[in-house]
$ cat final-v3.cif   # mmCIF, C-alpha atoms and all ligand atoms
data_input
#
loop_
_atom_site.label_atom_id
_atom_site.label_comp_id
_atom_site.auth_asym_id
_atom_site.auth_seq_id
_atom_site.Cartn_x
_atom_site.Cartn_y
_atom_site.Cartn_z
CA MET A 1 79.07 90.26 -28.49
CA LYS A 2 78.08 93.28 -26.43
CA VAL A 3 76.14 95.87 -28.40
CA LEU A 4 75.38 99.51 -27.56
CA VAL A 5 72.46 101.25 -29.30
CA ILE A 6 72.32 105.05 -29.20
CA GLY A 7 68.94 106.81 -29.16
CA ASN A 8 65.55 106.73 -27.47
CA GLY A 9 62.92 106.25 -30.16
CA ALA A 10 60.92 103.39 -31.65
CA ARG A 11 63.74 103.04 -34.22
CA GLU A 12 66.14 102.22 -31.41
CA HIS A 13 63.59 99.89 -29.75
CA VAL A 14 63.29 97.77 -32.91
CA LEU A 15 67.10 97.65 -33.15
CA CYS A 16 67.37 96.51 -29.51
CA GLU A 17 64.68 93.83 -30.02
CA ASN A 18 66.48 92.54 -33.09
CA PHE A 19 69.90 92.39 -31.40
CA ASN A 20 68.41 90.79 -28.29
CA SER A 21 67.09 87.93 -30.41
CA SER A 22 70.46 87.26 -32.09
CA ASN A 23 72.41 84.29 -30.74
CA LYS A 24 75.58 86.27 -31.45
CA VAL A 25 74.68 88.95 -28.90
CA SER A 26 75.19 88.38 -25.17
CA LYS A 27 74.08 91.81 -23.95
CA VAL A 28 72.36 94.88 -25.38
CA PHE A 29 72.76 98.36 -23.86
CA VAL A 30 70.85 101.42 -24.99
CA ALA A 31 71.59 105.07 -24.28
CA PRO A 32 69.24 106.41 -23.12
CA GLY A 33 66.42 104.11 -24.35
CA ASN A 34 62.77 104.29 -23.26
CA GLY A 35 60.09 102.41 -21.32
CA GLY A 36 60.02 99.63 -23.92
CA THR A 37 63.74 99.10 -24.45
CA SER A 38 64.20 98.15 -20.81
CA GLU A 39 62.48 94.82 -21.66
CA CYS A 40 65.18 93.79 -24.14
CA ALA A 41 68.21 95.95 -23.23
CA VAL A 42 69.84 97.74 -20.33
CA ASN A 43 68.86 101.42 -20.38
CA LEU A 44 71.74 103.79 -19.59
CA SER A 45 71.42 107.34 -18.28
CA ILE A 46 73.64 108.77 -21.00
CA ASP A 47 72.21 111.21 -23.55
CA SER A 48 72.58 110.35 -27.21
CA ASP A 49 74.66 113.47 -27.89
CA ASP A 50 77.01 112.99 -24.92
CA ILE A 51 79.87 111.69 -27.05
CA SER A 52 82.47 111.55 -24.28
CA GLY A 53 80.05 109.80 -21.90
CA LEU A 54 79.19 107.22 -24.57
CA LEU A 55 82.86 106.67 -25.41
CA SER A 56 83.79 106.20 -21.80
CA PHE A 57 80.97 103.63 -21.33
CA ALA A 58 81.88 101.75 -24.51
CA LYS A 59 85.54 101.58 -23.55
CA SER A 60 85.07 100.54 -19.95
CA ASN A 61 82.44 97.91 -20.85
CA ARG A 62 84.34 96.55 -23.88
CA ILE A 63 81.44 97.11 -26.28
CA ASP A 64 81.97 95.14 -29.50
CA LEU A 65 79.64 97.16 -31.71
CA THR A 66 77.93 100.53 -31.25
CA VAL A 67 74.93 101.32 -33.47
CA VAL A 68 73.90 104.96 -33.82
CA GLY A 69 70.17 105.67 -34.34
CA PRO A 70 69.75 109.45 -34.69
CA GLU A 71 71.55 111.97 -36.89
CA ILE A 72 72.76 114.39 -34.19
CA PRO A 73 75.55 112.19 -32.73
CA LEU A 74 76.61 111.32 -36.30
CA SER A 75 76.79 115.00 -37.24
CA LEU A 76 78.82 115.62 -34.05
CA GLY A 77 81.41 113.06 -35.19
CA ILE A 78 80.73 110.14 -32.84
CA VAL A 79 81.95 107.66 -35.46
CA ASP A 80 85.30 109.46 -35.88
CA VAL A 81 85.80 109.58 -32.10
CA PHE A 82 84.95 105.88 -31.57
CA GLU A 83 87.16 104.77 -34.50
CA GLU A 84 90.09 106.86 -33.22
CA ASN A 85 89.69 104.89 -29.99
CA GLY A 86 89.71 101.53 -31.77
CA LEU A 87 85.98 100.84 -31.27
CA ASN A 88 83.64 99.33 -33.89
CA ILE A 89 80.72 101.59 -34.68
CA PHE A 90 77.95 101.44 -37.29
CA GLY A 91 77.30 104.78 -39.02
CA PRO A 92 78.97 107.35 -41.28
CA SER A 93 81.78 109.70 -40.26
CA LYS A 94 81.12 113.37 -39.54
CA SER A 95 82.22 114.36 -43.05
CA ALA A 96 80.10 111.68 -44.79
CA SER A 97 77.08 112.48 -42.61
CA GLN A 98 77.01 115.95 -44.16
CA ILE A 99 74.81 114.27 -46.75
CA GLU A 100 72.07 114.86 -44.16
CA SER A 101 73.49 117.62 -41.95
CA SER A 102 73.95 120.05 -44.87
CA LYS A 103 71.22 120.22 -47.50
CA LEU A 104 73.60 122.32 -49.63
CA PHE A 105 76.32 119.65 -49.44
CA ALA A 106 73.78 117.06 -50.66
CA LYS A 107 72.41 119.28 -53.46
CA ASN A 108 75.89 120.19 -54.74
CA LEU A 109 76.92 116.53 -54.63
CA MET A 110 73.86 115.52 -56.65
CA VAL A 111 74.43 118.24 -59.25
CA GLU A 112 78.11 117.34 -59.57
CA ILE A 113 77.45 113.66 -60.30
CA GLY A 114 74.15 114.02 -62.16
CA VAL A 115 71.72 112.54 -59.61
CA PRO A 116 68.25 113.79 -60.63
CA THR A 117 66.97 116.35 -58.10
CA ALA A 118 64.81 119.49 -58.01
CA ASP A 119 66.16 122.81 -59.36
CA PHE A 120 67.32 125.02 -56.53
CA CYS A 121 69.18 128.14 -55.51
CA VAL A 122 70.97 129.13 -52.31
CA VAL A 123 70.12 132.30 -50.41
CA GLU A 124 72.45 133.77 -47.79
CA ASP A 125 71.54 137.46 -47.85
CA TYR A 126 67.90 138.38 -47.36
CA GLU A 127 68.47 141.91 -48.75
CA GLN A 128 69.50 140.44 -52.12
CA VAL A 129 66.26 138.45 -52.65
CA ASP A 130 63.84 139.55 -55.35
CA ILE A 131 61.30 137.78 -57.54
CA ASP A 132 63.98 136.85 -60.13
CA THR A 133 66.42 135.38 -57.60
CA PHE A 134 65.10 131.83 -57.69
CA GLY A 135 65.01 131.25 -61.47
CA PHE A 136 61.72 129.27 -61.27
CA GLY A 137 58.16 129.96 -60.17
CA PRO A 138 56.04 128.99 -57.12
CA PRO A 139 55.31 126.95 -55.15
CA TYR A 140 58.75 127.00 -53.52
CA VAL A 141 60.26 124.59 -51.00
CA ILE A 142 62.27 126.49 -48.40
CA LYS A 143 64.86 124.40 -46.55
CA ALA A 144 67.29 125.37 -43.79
CA ASP A 145 70.76 124.13 -44.76
CA GLY A 146 71.49 122.51 -41.39
CA LEU A 147 69.69 120.13 -39.02
CA ALA A 148 66.49 121.62 -37.62
CA ALA A 149 64.84 118.69 -35.79
CA GLY A 150 62.63 117.92 -38.81
CA LYS A 151 61.14 121.44 -38.78
CA GLY A 152 63.45 123.13 -41.30
CA VAL A 153 61.37 122.50 -44.45
CA ALA A 154 58.32 124.58 -45.48
CA ILE A 155 56.31 125.13 -48.67
CA ALA A 156 55.64 128.70 -49.87
CA ASP A 157 52.80 129.12 -52.37
CA THR A 158 53.77 132.67 -53.36
CA PHE A 159 56.87 134.83 -53.58
CA ALA A 160 55.57 136.85 -50.59
CA GLU A 161 55.36 133.70 -48.45
CA ALA A 162 58.83 132.62 -49.59
CA SER A 163 60.21 136.06 -48.74
CA SER A 164 58.66 135.95 -45.29
CA LEU A 165 60.12 132.48 -44.60
CA LEU A 166 63.54 133.64 -45.81
CA ARG A 167 63.34 136.63 -43.47
CA SER A 168 62.54 134.32 -40.57
CA HIS A 169 65.55 132.09 -41.42
CA LEU A 170 68.12 134.71 -42.36
CA VAL A 171 67.13 137.79 -40.35
CA ASP A 172 65.27 136.42 -37.30
CA LYS A 173 67.55 133.33 -37.28
CA THR A 174 64.70 131.02 -36.23
CA PHE A 175 66.93 127.96 -36.50
CA GLY A 176 70.18 129.65 -35.44
CA SER A 177 73.24 128.55 -37.36
CA ALA A 178 71.21 125.80 -39.14
CA SER A 179 69.66 128.48 -41.35
CA GLU A 180 72.64 130.70 -42.16
CA LYS A 181 72.15 129.38 -45.67
CA VAL A 182 68.73 128.54 -47.07
CA ILE A 183 67.93 126.35 -50.07
CA VAL A 184 64.97 127.40 -52.23
CA GLU A 185 63.84 124.45 -54.34
CA ARG A 186 61.36 124.01 -57.14
CA PHE A 187 58.30 122.18 -55.73
CA LEU A 188 57.85 118.67 -57.16
CA SER A 189 54.63 116.70 -56.96
CA GLY A 190 54.23 112.93 -56.89
CA ARG A 191 54.33 109.93 -54.57
CA GLU A 192 57.33 109.70 -52.25
CA ILE A 193 59.33 106.62 -51.25
CA SER A 194 62.11 106.18 -48.70
CA VAL A 195 64.85 103.87 -50.04
CA PHE A 196 67.44 102.13 -47.83
CA GLY A 197 70.69 100.29 -48.51
CA PHE A 198 73.60 99.14 -46.32
CA VAL A 199 76.87 100.69 -47.50
CA ASP A 200 80.43 99.64 -46.58
CA GLY A 201 82.35 102.58 -48.03
CA SER A 202 82.36 101.15 -51.57
CA ARG A 203 79.51 98.70 -52.06
CA VAL A 204 75.75 98.85 -51.57
CA SER A 205 73.55 95.93 -50.41
CA SER A 206 70.23 95.06 -52.04
CA LEU A 207 67.80 97.91 -51.39
CA THR A 208 64.34 98.14 -49.89
CA ALA A 209 61.79 100.91 -49.64
CA ALA A 210 58.93 102.17 -47.50
CA CYS A 211 56.22 104.81 -47.69
CA ASP A 212 55.66 107.00 -44.67
CA TYR A 213 52.84 109.36 -43.76
CA LYS A 214 54.13 112.72 -42.56
CA LYS A 215 50.91 114.66 -41.95
CA ILE A 216 49.15 114.50 -38.60
CA CYS A 217 45.58 113.99 -39.89
CA ASP A 218 43.80 111.43 -42.04
CA GLY A 219 43.76 112.30 -45.75
CA ASN A 220 47.30 113.77 -45.45
CA LYS A 221 45.93 116.96 -43.89
CA GLY A 222 47.33 119.18 -41.15
CA GLU A 223 50.85 119.76 -39.96
CA ASN A 224 53.99 117.79 -40.70
CA THR A 225 55.15 115.35 -38.03
CA GLY A 226 58.12 113.06 -37.52
CA GLY A 227 55.97 110.34 -39.14
CA MET A 228 52.56 108.86 -38.31
CA GLY A 229 53.07 105.42 -39.82
CA GLY A 230 53.84 103.66 -43.06
CA TYR A 231 54.22 100.41 -44.94
CA SER A 232 57.02 98.47 -46.59
CA PRO A 233 57.58 97.48 -49.31
CA PRO A 234 55.53 99.93 -51.39
CA GLU A 235 53.18 98.66 -54.12
CA ALA A 236 54.75 97.49 -57.41
CA THR A 237 54.04 100.76 -59.24
CA LEU A 238 56.36 102.52 -56.76
CA TRP A 239 58.88 99.77 -55.98
CA ASN A 240 59.95 96.82 -58.11
CA LYS A 241 63.20 95.26 -59.33
CA ASN A 242 63.57 97.76 -62.19
CA ILE A 243 63.15 100.71 -59.85
CA GLU A 244 65.57 99.15 -57.34
CA ASN A 245 68.17 98.73 -60.08
CA TRP A 246 67.60 102.28 -61.30
CA VAL A 247 68.04 103.71 -57.78
CA ARG A 248 71.17 101.62 -57.24
CA ASP A 249 72.76 102.66 -60.57
CA ASN A 250 71.66 106.30 -60.67
CA VAL A 251 71.54 107.31 -57.01
CA MET A 252 73.13 105.06 -54.40
CA GLN A 253 76.26 103.79 -56.16
CA PRO A 254 77.22 107.17 -57.74
CA VAL A 255 76.89 108.88 -54.33
CA VAL A 256 78.95 106.19 -52.59
CA ASP A 257 81.62 106.36 -55.34
CA GLU A 258 81.79 110.15 -55.18
CA LEU A 259 82.11 110.20 -51.37
CA ARG A 260 84.89 107.62 -51.56
CA ASN A 261 86.65 109.75 -54.21
CA ARG A 262 86.36 112.74 -51.88
CA ARG A 263 88.03 110.67 -49.13
CA MET A 264 84.90 110.65 -46.98
CA PRO A 265 83.77 107.03 -47.51
CA TYR A 266 80.18 106.39 -46.47
CA LYS A 267 79.57 103.47 -44.10
CA GLY A 268 76.21 102.68 -42.53
CA ILE A 269 72.66 102.80 -43.78
CA LEU A 270 72.02 105.27 -46.60
CA TYR A 271 68.46 106.59 -46.82
CA ALA A 272 67.39 108.34 -50.02
CA GLY A 273 64.05 110.17 -50.07
CA LEU A 274 62.72 110.01 -53.63
CA ILE A 275 59.66 111.34 -55.42
CA LYS A 276 58.07 109.81 -58.53
CA THR A 277 57.28 112.79 -60.78
CA GLU A 278 55.94 112.98 -64.35
CA ASP A 279 59.60 113.41 -65.36
CA GLY A 280 60.76 110.30 -63.49
CA LEU A 281 62.24 109.65 -60.06
CA LYS A 282 64.11 112.49 -58.35
CA VAL A 283 65.93 112.67 -55.02
CA LEU A 284 64.43 115.04 -52.46
CA GLU A 285 66.99 114.42 -49.71
CA PHE A 286 69.43 111.98 -48.17
CA ASN A 287 69.56 110.88 -44.55
CA CYS A 288 72.52 109.20 -42.91
CA ARG A 289 70.52 106.84 -40.65
CA PHE A 290 67.45 104.58 -40.54
CA GLY A 291 64.17 106.47 -40.91
CA ASP A 292 61.55 106.51 -38.18
CA PRO A 293 58.93 105.00 -38.62
CA GLU A 294 60.64 103.25 -41.56
CA ALA A 295 63.05 101.32 -39.28
CA GLN A 296 60.08 99.76 -37.48
CA LEU A 297 58.85 98.53 -40.89
CA ILE A 298 62.02 97.41 -42.64
CA ILE A 299 64.04 95.86 -39.79
CA PRO A 300 61.38 93.16 -39.14
CA ARG A 301 61.68 92.33 -42.88
CA ILE A 302 65.40 91.47 -42.65
CA GLU A 303 65.69 87.66 -42.80
CA ASN A 304 69.39 87.30 -42.01
CA ASP A 305 71.17 88.36 -38.83
CA LEU A 306 71.35 92.17 -38.67
CA ILE A 307 74.50 91.87 -36.55
CA ASP A 308 76.23 90.03 -39.43
CA ILE A 309 75.13 92.73 -41.86
CA MET A 310 76.39 95.51 -39.60
CA ASN A 311 79.68 93.70 -39.01
CA ASP A 312 80.02 93.39 -42.81
CA VAL A 313 79.51 97.15 -43.12
CA VAL A 314 82.12 97.90 -40.45
CA SER A 315 84.65 95.46 -41.92
CA GLU A 316 83.90 96.54 -45.52
CA LYS A 317 82.52 93.22 -46.72
CA ILE A 318 79.03 94.11 -47.90
CA LYS A 319 77.78 92.34 -51.00
CA THR A 320 74.70 93.04 -53.08
CA ASN A 321 73.12 89.88 -51.64
CA SER A 322 74.20 90.49 -48.01
CA VAL A 323 70.64 91.41 -47.05
CA ASN A 324 67.57 89.24 -47.67
CA TRP A 325 64.46 91.39 -47.49
CA ASN A 326 61.35 89.34 -46.65
CA PRO A 327 58.75 89.99 -49.38
CA GLU A 328 55.88 90.16 -46.87
CA THR A 329 54.46 93.59 -46.08
CA SER A 330 54.91 95.49 -42.82
CA VAL A 331 52.42 98.12 -41.73
CA GLY A 332 53.06 100.41 -38.77
CA VAL A 333 50.86 103.03 -37.12
CA VAL A 334 52.22 105.56 -34.63
CA VAL A 335 50.17 106.47 -31.55
CA VAL A 336 50.83 110.07 -30.49
CA SER A 337 49.91 112.33 -27.59
CA LYS A 338 46.98 114.72 -28.19
CA GLY A 339 48.35 118.06 -29.39
CA TYR A 340 51.45 116.65 -31.09
CA PRO A 341 53.30 117.99 -33.14
CA ASN A 342 52.65 121.12 -31.05
CA GLU A 343 52.23 121.24 -27.28
CA TYR A 344 51.10 118.08 -25.54
CA GLU A 345 50.94 116.72 -22.02
CA VAL A 346 52.91 113.75 -20.72
CA GLY A 347 52.77 111.49 -17.67
CA TYR A 348 49.60 109.57 -18.57
CA GLU A 349 49.41 105.88 -17.77
CA ILE A 350 49.50 103.64 -20.87
CA LYS A 351 47.17 100.66 -20.62
CA GLY A 352 46.47 97.73 -22.91
CA VAL A 353 49.93 96.97 -24.32
CA ASP A 354 49.61 93.51 -22.72
CA LEU A 355 46.26 92.92 -24.47
CA LEU A 356 47.62 92.77 -28.02
CA ASP A 357 47.71 89.53 -30.00
CA ASP A 358 50.85 87.95 -31.43
CA LYS A 359 50.25 89.34 -34.93
CA VAL A 360 51.65 92.71 -33.85
CA GLN A 361 54.75 94.13 -32.20
CA VAL A 362 54.90 97.37 -30.27
CA PHE A 363 57.94 99.63 -30.44
CA HIS A 364 58.08 102.35 -27.81
CA ALA A 365 59.30 105.94 -28.24
CA GLY A 366 57.88 108.53 -25.80
CA THR A 367 57.32 106.12 -22.92
CA THR A 368 58.89 105.75 -19.51
CA LEU A 369 58.64 103.16 -16.76
CA ASN A 370 57.84 104.76 -13.44
CA MET A 371 58.69 102.59 -10.44
CA THR A 372 55.94 102.72 -7.84
CA GLU A 373 55.82 100.72 -4.61
CA LYS A 374 53.52 98.15 -6.22
CA GLU A 375 54.48 98.02 -9.90
CA ASN A 376 56.30 99.56 -12.83
CA LEU A 377 53.90 102.07 -14.32
CA LEU A 378 54.22 102.66 -18.08
CA GLN A 379 53.61 106.34 -18.78
CA THR A 380 53.76 108.70 -21.74
CA SER A 381 56.82 110.93 -21.94
CA GLY A 382 56.79 112.25 -25.52
CA GLY A 383 54.79 113.24 -28.58
CA ARG A 384 55.22 110.06 -30.60
CA VAL A 385 54.47 107.43 -27.97
CA LEU A 386 54.68 104.06 -29.72
CA THR A 387 54.40 102.31 -33.08
CA VAL A 388 52.21 99.22 -33.57
CA VAL A 389 53.62 97.05 -36.39
CA SER A 390 52.46 93.91 -38.16
CA LYS A 391 54.13 91.92 -40.93
CA ASP A 392 51.86 89.64 -42.94
CA LYS A 393 51.32 88.14 -46.39
CA ASP A 394 49.83 91.30 -47.83
CA VAL A 395 49.23 94.90 -46.93
CA ASN A 396 45.53 94.42 -46.10
CA LEU A 397 46.19 91.57 -43.65
CA ALA A 398 48.99 93.53 -41.96
CA ARG A 399 46.83 96.65 -41.81
CA ASP A 400 43.87 94.73 -40.29
CA ASN A 401 46.20 93.23 -37.65
CA VAL A 402 47.44 96.69 -36.65
CA TYR A 403 44.04 98.38 -36.47
CA ARG A 404 42.42 95.39 -34.67
CA ASN A 405 45.01 95.79 -31.92
CA ILE A 406 45.78 99.50 -31.78
CA SER A 407 42.49 100.54 -30.22
CA ARG A 408 43.25 98.25 -27.24
CA ILE A 409 46.05 100.67 -26.33
CA ASN A 410 44.71 103.38 -24.16
CA PHE A 411 46.05 106.54 -22.56
CA ASN A 412 44.61 109.98 -22.04
CA GLY A 413 44.72 111.73 -25.43
CA ALA A 414 45.96 108.73 -27.47
CA THR A 415 45.65 109.71 -31.14
CA PHE A 416 46.49 107.89 -34.39
CA ARG A 417 45.70 108.06 -38.08
CA HIS A 418 43.07 105.66 -39.41
CA ASP A 419 44.17 105.58 -43.04
CA ILE A 420 47.75 104.26 -42.90
CA ALA A 421 48.41 101.83 -45.76
CA LEU A 422 44.88 102.26 -47.05
CA LEU A 423 45.87 101.94 -50.68
CA ASN A 424 43.52 102.91 -53.49
N1 LIG B 1 60.59 109.22 -41.80
C1 LIG B 1 61.36 110.39 -41.95
C2 LIG B 1 62.66 110.40 -41.24
O1 LIG B 1 63.01 109.49 -40.53
O2 LIG B 1 63.38 111.38 -41.40
#
$ encode --input "final-v3.cif" --output "structure tokens"
Amino acid sequence: MKVLVIGNGAREHVLCENFNSSNKVSKVFVAPGNGGTSECAVNLSIDSDDISGLLSFAKSNRIDLTVVGPEIPLSLGIVDVFEENGLNIFGPSKSASQIESSKLFAKNLMVEIGVPTADFCVVEDYEQVDIDTFGFGPPYVIKADGLAAGKGVAIADTFAEASSLLRSHLVDKTFGSASEKVIVERFLSGREISVFGFVDGSRVSSLTAACDYKKICDGNKGENTGGMGGYSPPEATLWNKNIENWVRDNVMQPVVDELRNRRMPYKGILYAGLIKTEDGLKVLEFNCRFGDPEAQLIIPRIENDLIDIMNDVVSEKIKTNSVNWNPETSVGVVVVSKGYPNEYEVGYEIKGVDLLDDKVQVFHAGTTLNMTEKENLLQTSGGRVLTVVSKDKDVNLARDNVYRNISRINFNGATFRHDIALLN
């Protein structure tokens, strides 16, 4: 089989590595890929949102399966376009991917079918907002309806802060059309888990979960990022067979059934972000793709061939036991450029990746290979540069493996959190 992976992050690198090791796969292409994917796939100079360029490549190279990493091409309808052209592709259609691309779509869906979620209201007209509009008190979670590159969610501690954020969304149009509607949600507190299942339009595979660390600094301080690391599976108080069954019966299966009833069947990986509150588990959001860094943690835990699983999704043959999740624990820590998630510099040489022991794997994101006369120079090209991952018998062993190796990686401004998977 020839496989095409779309995207350029560590999530796409772990997918390429996995496919490259399958005896069912003869060639892996990635568009556009990064400095790490070129070791296990052929990097293509096609952007991940260039749907016609990707289609033309897939057709002319007779690609057997295309796997979409990020949400943007899904929200642009890449799956619909590929299917209309008779090509196999892993991911939800444009209409089903609204579960991520419209927060309002997801909230209304949850309310309609009784999936537990935070109270909320929708604001479209800034002039109509007053202290009674929301129907609940602070703190408030303010969310742009549409996709905002992970920056569309903010917490407001007071009505004044909420009002100012709403002005920025609705009057100043900070996120353009993504914030024409804004969701104001009741703030929930508790531990969060990311839950994943493969869905074939009707059925859901066995599930797994991960915990990720969104804040830039140790102790969960500082600004939100795309993710600084995580571990999978979570400890038994957050993830066990009872919780898996509850999530399947009360979240995943009802959503899949409702989308099928609405004639927008969901196929692909379904990612539910949940929070464990004093009132039980509630859904914060859905995503229509693998998480990042969660993909780097959960894909190494899949014991069977991921290509078989994805083919089962595409051909609507998923069973509850289609996926065997290895019970060992993965820990991953993301190395970022100094300054991320704000301004940072790129173009620094990355040293030490060849000095790591075989207990860890490295998945690249913001890296590029620069051809010089003498050698291929690995350089930084983004904010999140790479993820160092280890899978071992328990979380402490995996964590020790990662931190023993990570400090061998060296580039100007290399920064990482020191408390990933430090459970207490
Ligand atoms: N880990 C968060 C995300 O992938 O959206």
$ closest_atom_pairs --input "final-v3.cif" --of "region 172-264 of chain A" --to "region 384-404 of chain A" --cutoff "12 Å" --atoms "only C-alpha atoms" --output "Markdown table"
| residue | atom | partner | partner_atom | distance |
| --- | --- | --- | --- | --- |
| A:Ile216 | CA | A:Arg384 | CA | 11.0 |
| A:Thr225 | CA | A:Arg384 | CA | 9.1 |
| A:Gly226 | CA | A:Arg384 | CA | 8.1 |
| A:Gly227 | CA | A:Arg384 | CA | 8.6 |
| A:Met228 | CA | A:Arg384 | CA | 8.2 |
| A:Gly229 | CA | A:Thr387 | CA | 7.5 |
| A:Gly230 | CA | A:Val389 | CA | 9.4 |
| A:Tyr231 | CA | A:Val395 | CA | 7.7 |
| A:Ser232 | CA | A:Val395 | CA | 8.6 |
| A:Pro233 | CA | A:Val395 | CA | 9.1 |
| A:Pro234 | CA | A:Val395 | CA | 9.2 |
| A:Glu235 | CA | A:Val395 | CA | 9.0 |
$ closest_atom_pairs --input "final-v3.cif" --of "chain A" --to "ligand LIG 1 (chain B)" --cutoff "7 Å" --atoms "all atoms listed in the file" --output "JSON lines"
{"residue": "A:Asp212", "atom": "CA", "partner": "B:LIG1", "partner_atom": "N1", "distance": 6.1}
{"residue": "A:Gly226", "atom": "CA", "partner": "B:LIG1", "partner_atom": "C1", "distance": 6.1}
{"residue": "A:Gly227", "atom": "CA", "partner": "B:LIG1", "partner_atom": "N1", "distance": 5.4}
{"residue": "A:Asn287", "atom": "CA", "partner": "B:LIG1", "partner_atom": "O2", "distance": 7.0}
{"residue": "A:Phe290", "atom": "CA", "partner": "B:LIG1", "partner_atom": "O1", "distance": 6.6}
{"residue": "A:Gly291", "atom": "CA", "partner": "B:LIG1", "partner_atom": "O1", "distance": 3.3}
{"residue": "A:Asp292", "atom": "CA", "partner": "B:LIG1", "partner_atom": "O1", "distance": 4.1}
{"residue": "A:Pro293", "atom": "CA", "partner": "B:LIG1", "partner_atom": "N1", "distance": 5.5}
{"residue": "A:Glu294", "atom": "CA", "partner": "B:LIG1", "partner_atom": "N1", "distance": 6.0}
$ write_last_selection --input "final-v3.cif" --atoms "C-alpha atoms" --output "PDB file, in the frame of the given file"
ATOM      1  CA  ASP A 212      55.660 107.000 -44.670  1.00  0.00           C
ATOM      2  CA  GLY A 226      58.120 113.060 -37.520  1.00  0.00           C
ATOM      3  CA  GLY A 227      55.970 110.340 -39.140  1.00  0.00           C
ATOM      4  CA  ASN A 287      69.560 110.880 -44.550  1.00  0.00           C
ATOM      5  CA  PHE A 290      67.450 104.580 -40.540  1.00  0.00           C
ATOM      6  CA  GLY A 291      64.170 106.470 -40.910  1.00  0.00           C
ATOM      7  CA  ASP A 292      61.550 106.510 -38.180  1.00  0.00           C
ATOM      8  CA  PRO A 293      58.930 105.000 -38.620  1.00  0.00           C
ATOM      9  CA  GLU A 294      60.640 103.250 -41.560  1.00  0.00           C
TER      10      GLU A 294
END
$ atom_distance --input "final-v3.cif" --atom1 "CA of Lys151 (chain A)" --atom2 "CA of Asn342 (chain A)"
11.5 Å
$ atom_distance --input "final-v3.cif" --atom1 "CA of Lys107 (chain A)" --atom2 "CA of Thr66 (chain A)"
29.6 Å
$ residues_near_point --input "final-v3.cif" --point "(71.2, 108.6, -27.2)" --cutoff "7 Å" --atoms "only C-alpha atoms" --output "PyMOL selection string"
chain A and resi 6-8+31-32+46-49
$ residues_near_point --input "final-v3.cif" --point "(70.7, 114.5, -48.3)" --cutoff "8 Å" --atoms "all atoms listed in the file" --output "PyMOL selection string"
chain A and resi 98-103+105-107+272+284-288
$ residues_around --input "final-v3.cif" --residues "region 23-29 of chain A" --least-positions-apart "3" --cutoff "6 Å" --atoms "all atoms listed in the file" --output "list of chain:residue names"
A:Met1, A:Lys2, A:Val3, A:Leu4, A:Ala41, A:Val42
$ closest_atom_pairs --input "final-v3.cif" --of "region 4-70 of chain A" --to "region 359-377 of chain A" --cutoff "7 Å" --atoms "only C-alpha atoms" --output "JSON lines"
{"residue": "A:Asn8", "atom": "CA", "partner": "A:Ala365", "partner_atom": "CA", "distance": 6.3}
{"residue": "A:Gly9", "atom": "CA", "partner": "A:Ala365", "partner_atom": "CA", "distance": 4.1}
{"residue": "A:Ala10", "atom": "CA", "partner": "A:Ala365", "partner_atom": "CA", "distance": 4.6}
{"residue": "A:His13", "atom": "CA", "partner": "A:Phe363", "partner_atom": "CA", "distance": 5.7}
{"residue": "A:Val14", "atom": "CA", "partner": "A:Phe363", "partner_atom": "CA", "distance": 6.2}
{"residue": "A:Asn34", "atom": "CA", "partner": "A:Thr368", "partner_atom": "CA", "distance": 5.6}
{"residue": "A:Gly35", "atom": "CA", "partner": "A:Thr368", "partner_atom": "CA", "distance": 4.0}
{"residue": "A:Gly36", "atom": "CA", "partner": "A:His364", "partner_atom": "CA", "distance": 5.1}
$ closest_residue --input "final-v3.cif" --among "A:Tyr340, A:Tyr213, A:Phe120, A:Phe198" --to "Arg186 (chain A)" --atoms "all atoms listed in the file"
A:Phe120
$ closest_residue --input "final-v3.cif" --among "A:Leu423, A:Ile78, A:Ser206, A:Val171" --to "Ala236 (chain A)" --atoms "all atoms listed in the file"
A:Leu423
$ residues_around --input "final-v3.cif" --residues "Leu166 (chain A)" --least-positions-apart "3" --cutoff "8 Å" --atoms "only C-alpha atoms" --output "PDB file with C-alpha atoms, in the frame of the given file"
ATOM      1  CA  TYR A 126      67.900 138.380 -47.360  1.00  0.00           C
ATOM      2  CA  ILE A 142      62.270 126.490 -48.400  1.00  0.00           C
ATOM      3  CA  ALA A 162      58.830 132.620 -49.590  1.00  0.00           C
ATOM      4  CA  SER A 163      60.210 136.060 -48.740  1.00  0.00           C
ATOM      5  CA  HIS A 169      65.550 132.090 -41.420  1.00  0.00           C
ATOM      6  CA  LEU A 170      68.120 134.710 -42.360  1.00  0.00           C
ATOM      7  CA  VAL A 171      67.130 137.790 -40.350  1.00  0.00           C
ATOM      8  CA  VAL A 182      68.730 128.540 -47.070  1.00  0.00           C
TER       9      VAL A 182
END
$ residues_around --input "final-v3.cif" --residues "region 265-271 of chain A" --least-positions-apart "2" --cutoff "8 Å" --atoms "all atoms listed in the file" --output "PyMOL selection string"
chain A and resi 90-93+96-97+194-202+252+256+259-263+273+286-291+310+313-314
$ residues_around --input "final-v3.cif" --residues "Lys317 (chain A)" --least-positions-apart "5" --cutoff "9 Å" --atoms "only C-alpha atoms" --output "PyMOL selection string"
chain A and resi 200+203+309+311-312+322
